[in-house]
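Here's the structure we're looking at; comments come further down.
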Amino acid sequence: MTKQPATFTLGGDLTVHRLGFGAMRLTGELNWGLPADPEGALKVARRAVELGVDFIDTADAYGPGTNEEQLAEALHPYPENVVIATKAGQSRPSPREWKPLGRPEYLRQQCELSLRRLRVERIDLYQLHRIDPQVPTADQFGALAQLQQEGKVRHLGLSEVTVEQIEEARTYFDVVSVQNLFNLTDRSHEAVLDHCTRENIAFIPWLPIARGEHAGPGSPVAGIARELGATPAQVALAWLLRRSPVVIPIPGTSSIAHLEENMRAADIELTDDQFTRLSQLA
């Protein structure tokens, strides 16, 4: 059994616990507008911080805009140790549409709007939500680098990228984080995770608790959960934490009960045998 580090230091100067909170689920249906219980959503964000969460993920596209406003309403002035990470580069023409938009003037505009909505003078971690295939990557990466040079953002990261795109971006700025889809049963970005591990880049898996049959009553995940006296969701998160010391899962929920359940995953230690059995599921 290997004891995993409890924290990771982003960019050499921002140390956070390795179990964060994804705030997207605090928005309304289809991540559009406010939820049916706006005050309840604020209580979830506040409870996350009470439980020791100091890394919170959001984006300008969640709401759009309203998720950042929710976090400011719930938590501002932010506790000194809390890192708010947000993203730009994904537009929302309608509730069901997510379209990459990486024109430099748009990225710069969205950064200004995020600063205003979050009520901060500098964003701790600003990530390119998607690379826009219609815009030269040099223009997108250059816009982010300019925002950093101007002091609008502290650190920069990427989302849904390949190893090659990470390395290209690193010629413009220090990439401190990569946010890709990854979980027990979807490991299409395994090579990216391995690269981030070697380069000490934070890997932030979104959708960390995979949905579907793997968590059913008769599944291997459920069996290991019973061995540990845990839930399948906690086991899935514990596996991610064990998978690499650079991984920072950001499970999201609109329920305080589920939030508290997810946070207890940090206390679960998988045996070598349990980790191996889970690793063979994909």
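Here's how to read the names in the structure tokens: chain A, B, ... by the order shown, residue numbers from 1 in each chain, ligand numbers from 1 in the order shown.
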request  = With a distance cut-off of 12 Å and only C-alpha atoms, select the neighbouring residues of A:Gln140, excluding the residue or stretch itself and same-chain residues fewer than 6 positions from it, and output the selection as a list in words.
outcome  = Ala88, Gly89, Pro100, Leu101, Gly102, Arg103, Pro104, Glu105, Tyr106, Leu107, Arg108, Gln127, Leu128, His129, Arg130, Ile131, Asp132, Pro133, Gln134, Gln146, Leu147, Leu158, Gln165, Glu168, Ala169, Tyr172 and Phe173 of chain A
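Within the 10 Å cut-off around A:Ala233, using only C-alpha atoms and omitting residues fewer than 5 positions from it on the same chain, the listed residues are Pro208, Ile209, Ala210, Arg211, Ala215, Val221, Ala222, Ala225, Ala238, Trp239, Pro251, His258, Glu261, Asn262 and Ala265 of chain A.
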_I'd like the contact shell of stretch 115-117 of chain A - 10 Å cut-off, only C-alpha atoms, skipping same-chain residues fewer than 2 positions apart - returned as a ChimeraX atom specification._
/A:60,65-73,86,110-113,119-123,152-153
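Counting only C-alpha atoms, the residue from A:Thr15, A:Ser188, A:Trp206, A:Tyr126 that sits nearest to A:Asp174 is A:Tyr126.
For the set A:Gly52, A:Pro79, A:Pro95, A:Gly157, the residue with the smallest atom-to-atom gap to A:Asn31 is A:Pro95, counting only C-alpha atoms.
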Residue contacts of A:Asn81 (9 Å, only C-alpha atoms) excluding same-chain residues fewer than 4 positions away, as a list in words | Leu14, Thr15, Val16, Asp54 and Phe55 of chain A
task = Pick out each residue of stretch 136-197 of chain A that DSSP on the backbone tags as alpha helix (DSSP H); I need them as a VMD selection string.
result = chain A and resid 137 to 149 163 to 169 190 to 197
Output the selection as a JSON list (two decimals), in the first residue's frame - N, CA, C and O atoms for each residue.
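Saved as part.json:
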```json
[["chain", "number", "residue", "atom", "x", "y", "z"],
["A", 137, "THR", "N", -3.19, 28.29, -33.39],
["A", 137, "THR", "CA", -2.87, 28.09, -31.97],
["A", 137, "THR", "C", -1.93, 29.17, -31.45],
["A", 137, "THR", "O", -2.02, 29.55, -30.28],
["A", 138, "ALA", "N", -1.07, 29.68, -32.31],
["A", 138, "ALA", "CA", -0.15, 30.74, -31.89],
["A", 138, "ALA", "C", -0.93, 31.96, -31.39],
["A", 138, "ALA", "O", -0.51, 32.61, -30.42],
["A", 139, "ASP", "N", -2.06, 32.26, -32.02],
["A", 139, "ASP", "CA", -2.87, 33.41, -31.60],
["A", 139, "ASP", "C", -3.53, 33.14, -30.25],
["A", 139, "ASP", "O", -3.61, 34.03, -29.40],
["A", 140, "GLN", "N", -4.00, 31.90, -30.05],
["A", 140, "GLN", "CA", -4.67, 31.57, -28.79],
["A", 140, "GLN", "C", -3.67, 31.55, -27.63],
["A", 140, "GLN", "O", -3.91, 32.15, -26.58],
["A", 141, "PHE", "N", -2.56, 30.86, -27.84],
["A", 141, "PHE", "CA", -1.54, 30.79, -26.79],
["A", 141, "PHE", "C", -0.92, 32.16, -26.53],
["A", 141, "PHE", "O", -0.62, 32.51, -25.39],
["A", 142, "GLY", "N", -0.76, 32.92, -27.58],
["A", 142, "GLY", "CA", -0.19, 34.26, -27.43],
["A", 142, "GLY", "C", -1.09, 35.17, -26.61],
["A", 142, "GLY", "O", -0.61, 35.97, -25.80],
["A", 143, "ALA", "N", -2.41, 35.05, -26.80],
["A", 143, "ALA", "CA", -3.35, 35.87, -26.03],
["A", 143, "ALA", "C", -3.27, 35.53, -24.54],
["A", 143, "ALA", "O", -3.30, 36.42, -23.69],
["A", 144, "LEU", "N", -3.16, 34.24, -24.24],
["A", 144, "LEU", "CA", -3.05, 33.84, -22.84],
["A", 144, "LEU", "C", -1.75, 34.35, -22.22],
["A", 144, "LEU", "O", -1.73, 34.84, -21.09],
["A", 145, "ALA", "N", -0.66, 34.23, -22.98],
["A", 145, "ALA", "CA", 0.63, 34.71, -22.49],
["A", 145, "ALA", "C", 0.57, 36.21, -22.20],
["A", 145, "ALA", "O", 1.14, 36.69, -21.21],
["A", 146, "GLN", "N", -0.12, 36.95, -23.07],
["A", 146, "GLN", "CA", -0.24, 38.39, -22.88],
["A", 146, "GLN", "C", -1.02, 38.71, -21.60],
["A", 146, "GLN", "O", -0.64, 39.61, -20.84],
["A", 147, "LEU", "N", -2.08, 37.97, -21.34],
["A", 147, "LEU", "CA", -2.86, 38.19, -20.11],
["A", 147, "LEU", "C", -1.99, 37.95, -18.88],
["A", 147, "LEU", "O", -2.09, 38.67, -17.89],
["A", 148, "GLN", "N", -1.13, 36.94, -18.96],
["A", 148, "GLN", "CA", -0.23, 36.66, -17.84],
["A", 148, "GLN", "C", 0.79, 37.77, -17.67],
["A", 148, "GLN", "O", 1.07, 38.22, -16.56],
["A", 149, "GLN", "N", 1.34, 38.24, -18.77],
["A", 149, "GLN", "CA", 2.33, 39.31, -18.72],
["A", 149, "GLN", "C", 1.73, 40.59, -18.14],
["A", 149, "GLN", "O", 2.42, 41.36, -17.47],
["A", 163, "VAL", "N", -0.51, 15.65, -26.02],
["A", 163, "VAL", "CA", 0.85, 15.92, -25.57],
["A", 163, "VAL", "C", 1.51, 16.95, -26.48],
["A", 163, "VAL", "O", 2.19, 17.88, -26.01],
["A", 164, "GLU", "N", 1.27, 16.82, -27.77],
["A", 164, "GLU", "CA", 1.89, 17.75, -28.73],
["A", 164, "GLU", "C", 1.40, 19.18, -28.51],
["A", 164, "GLU", "O", 2.18, 20.14, -28.58],
["A", 165, "GLN", "N", 0.11, 19.33, -28.22],
["A", 165, "GLN", "CA", -0.42, 20.67, -27.97],
["A", 165, "GLN", "C", 0.11, 21.26, -26.67],
["A", 165, "GLN", "O", 0.37, 22.47, -26.60],
["A", 166, "ILE", "N", 0.30, 20.43, -25.68],
["A", 166, "ILE", "CA", 0.90, 20.89, -24.42],
["A", 166, "ILE", "C", 2.30, 21.44, -24.69],
["A", 166, "ILE", "O", 2.66, 22.54, -24.24],
["A", 167, "GLU", "N", 3.07, 20.69, -25.45],
["A", 167, "GLU", "CA", 4.44, 21.10, -25.71],
["A", 167, "GLU", "C", 4.50, 22.36, -26.57],
["A", 167, "GLU", "O", 5.38, 23.21, -26.38],
["A", 168, "GLU", "N", 3.58, 22.49, -27.51],
["A", 168, "GLU", "CA", 3.53, 23.73, -28.29],
["A", 168, "GLU", "C", 3.21, 24.92, -27.39],
["A", 168, "GLU", "O", 3.85, 25.98, -27.48],
["A", 169, "ALA", "N", 2.22, 24.76, -26.51],
["A", 169, "ALA", "CA", 1.84, 25.85, -25.61],
["A", 169, "ALA", "C", 3.00, 26.25, -24.71],
["A", 169, "ALA", "O", 3.16, 27.43, -24.37],
["A", 190, "GLU", "N", -4.59, 8.60, -21.32],
["A", 190, "GLU", "CA", -3.55, 8.02, -20.46],
["A", 190, "GLU", "C", -2.16, 8.57, -20.81],
["A", 190, "GLU", "O", -1.35, 8.87, -19.93],
["A", 191, "ALA", "N", -1.88, 8.73, -22.09],
["A", 191, "ALA", "CA", -0.56, 9.23, -22.50],
["A", 191, "ALA", "C", -0.36, 10.67, -22.02],
["A", 191, "ALA", "O", 0.76, 11.06, -21.64],
["A", 192, "VAL", "N", -1.44, 11.46, -22.02],
["A", 192, "VAL", "CA", -1.35, 12.84, -21.54],
["A", 192, "VAL", "C", -1.07, 12.85, -20.04],
["A", 192, "VAL", "O", -0.24, 13.61, -19.55],
["A", 193, "LEU", "N", -1.77, 11.98, -19.29],
["A", 193, "LEU", "CA", -1.54, 11.89, -17.86],
["A", 193, "LEU", "C", -0.10, 11.48, -17.57],
["A", 193, "LEU", "O", 0.56, 12.06, -16.69],
["A", 194, "ASP", "N", 0.40, 10.50, -18.29],
["A", 194, "ASP", "CA", 1.79, 10.06, -18.07],
["A", 194, "ASP", "C", 2.77, 11.20, -18.36],
["A", 194, "ASP", "O", 3.76, 11.38, -17.65],
["A", 195, "HIS", "N", 2.49, 11.97, -19.40],
["A", 195, "HIS", "CA", 3.34, 13.11, -19.74],
["A", 195, "HIS", "C", 3.30, 14.16, -18.62],
["A", 195, "HIS", "O", 4.35, 14.68, -18.20],
["A", 196, "CYS", "N", 2.10, 14.45, -18.13],
["A", 196, "CYS", "CA", 1.97, 15.42, -17.04],
["A", 196, "CYS", "C", 2.69, 14.94, -15.79],
["A", 196, "CYS", "O", 3.30, 15.75, -15.07],
["A", 197, "THR", "N", 2.63, 13.64, -15.53],
["A", 197, "THR", "CA", 3.32, 13.09, -14.36],
["A", 197, "THR", "C", 4.83, 13.31, -14.48],
["A", 197, "THR", "O", 5.48, 13.75, -13.53]]
```
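Coordinates place atom CA of A:Ser159 at a distance of 27.8 Å from atom CA of A:Glu50.
Checking A:Ala41, A:Pro5, A:Gly63, A:Gly252 one by one against A:Trp98, counting only C-alpha atoms, you find the shortest gap at A:Gly63.
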Shell around A:Arg96 at 10 Å using only C-alpha atoms, local window under 4 positions removed, as a ChimeraX atom specification: /A:30-32,92
Would you output that residue set with N, CA and C atoms, as a JSON list (two decimals), in the first residue's frame?
```json
[["chain", "number", "residue", "atom", "x", "y", "z"],
["A", 30, "LEU", "N", -28.91, 21.92, -17.94],
["A", 30, "LEU", "CA", -28.01, 22.06, -19.10],
["A", 30, "LEU", "C", -26.90, 23.08, -18.82],
["A", 31, "ASN", "N", -26.61, 23.30, -17.52],
["A", 31, "ASN", "CA", -25.58, 24.28, -17.13],
["A", 31, "ASN", "C", -25.88, 25.65, -17.69],
["A", 32, "TRP", "N", -27.17, 26.01, -17.62],
["A", 32, "TRP", "CA", -27.65, 27.29, -18.18],
["A", 32, "TRP", "C", -28.43, 28.03, -17.09],
["A", 92, "ARG", "N", -21.18, 29.68, -25.67],
["A", 92, "ARG", "CA", -22.48, 29.05, -25.45],
["A", 92, "ARG", "C", -23.54, 29.81, -26.24]]
```
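Using only C-alpha atoms, the shortest contact distance between A:Val246 and any of A:Met263, A:Leu281, A:Val176, A:Ala85 is found at A:Val176.
You will find atom CA of A:Glu260 at 21.2 Å from atom CA of A:Gly28.
Note that the spacing between atom CA of A:Ser94 and atom CA of A:Val44 amounts to 26.3 Å.
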Using only C-alpha atoms, the residue out of A:His155, A:Arg198, A:Arg243, A:Arg277 with shortest distance to A:Gly223 is A:Arg277
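Across A:Pro205, A:Pro217, A:Pro64, A:Pro35, the tightest approach to A:Pro249 is made by A:Pro205 when counting only C-alpha atoms.
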Got a sec to tell me which of stretch 129-258 of chain A DSSP assigns to strand (DSSP E or B), as number ranges by chain? A: 153-159, 175-179, 181, 202-203, 206, 247
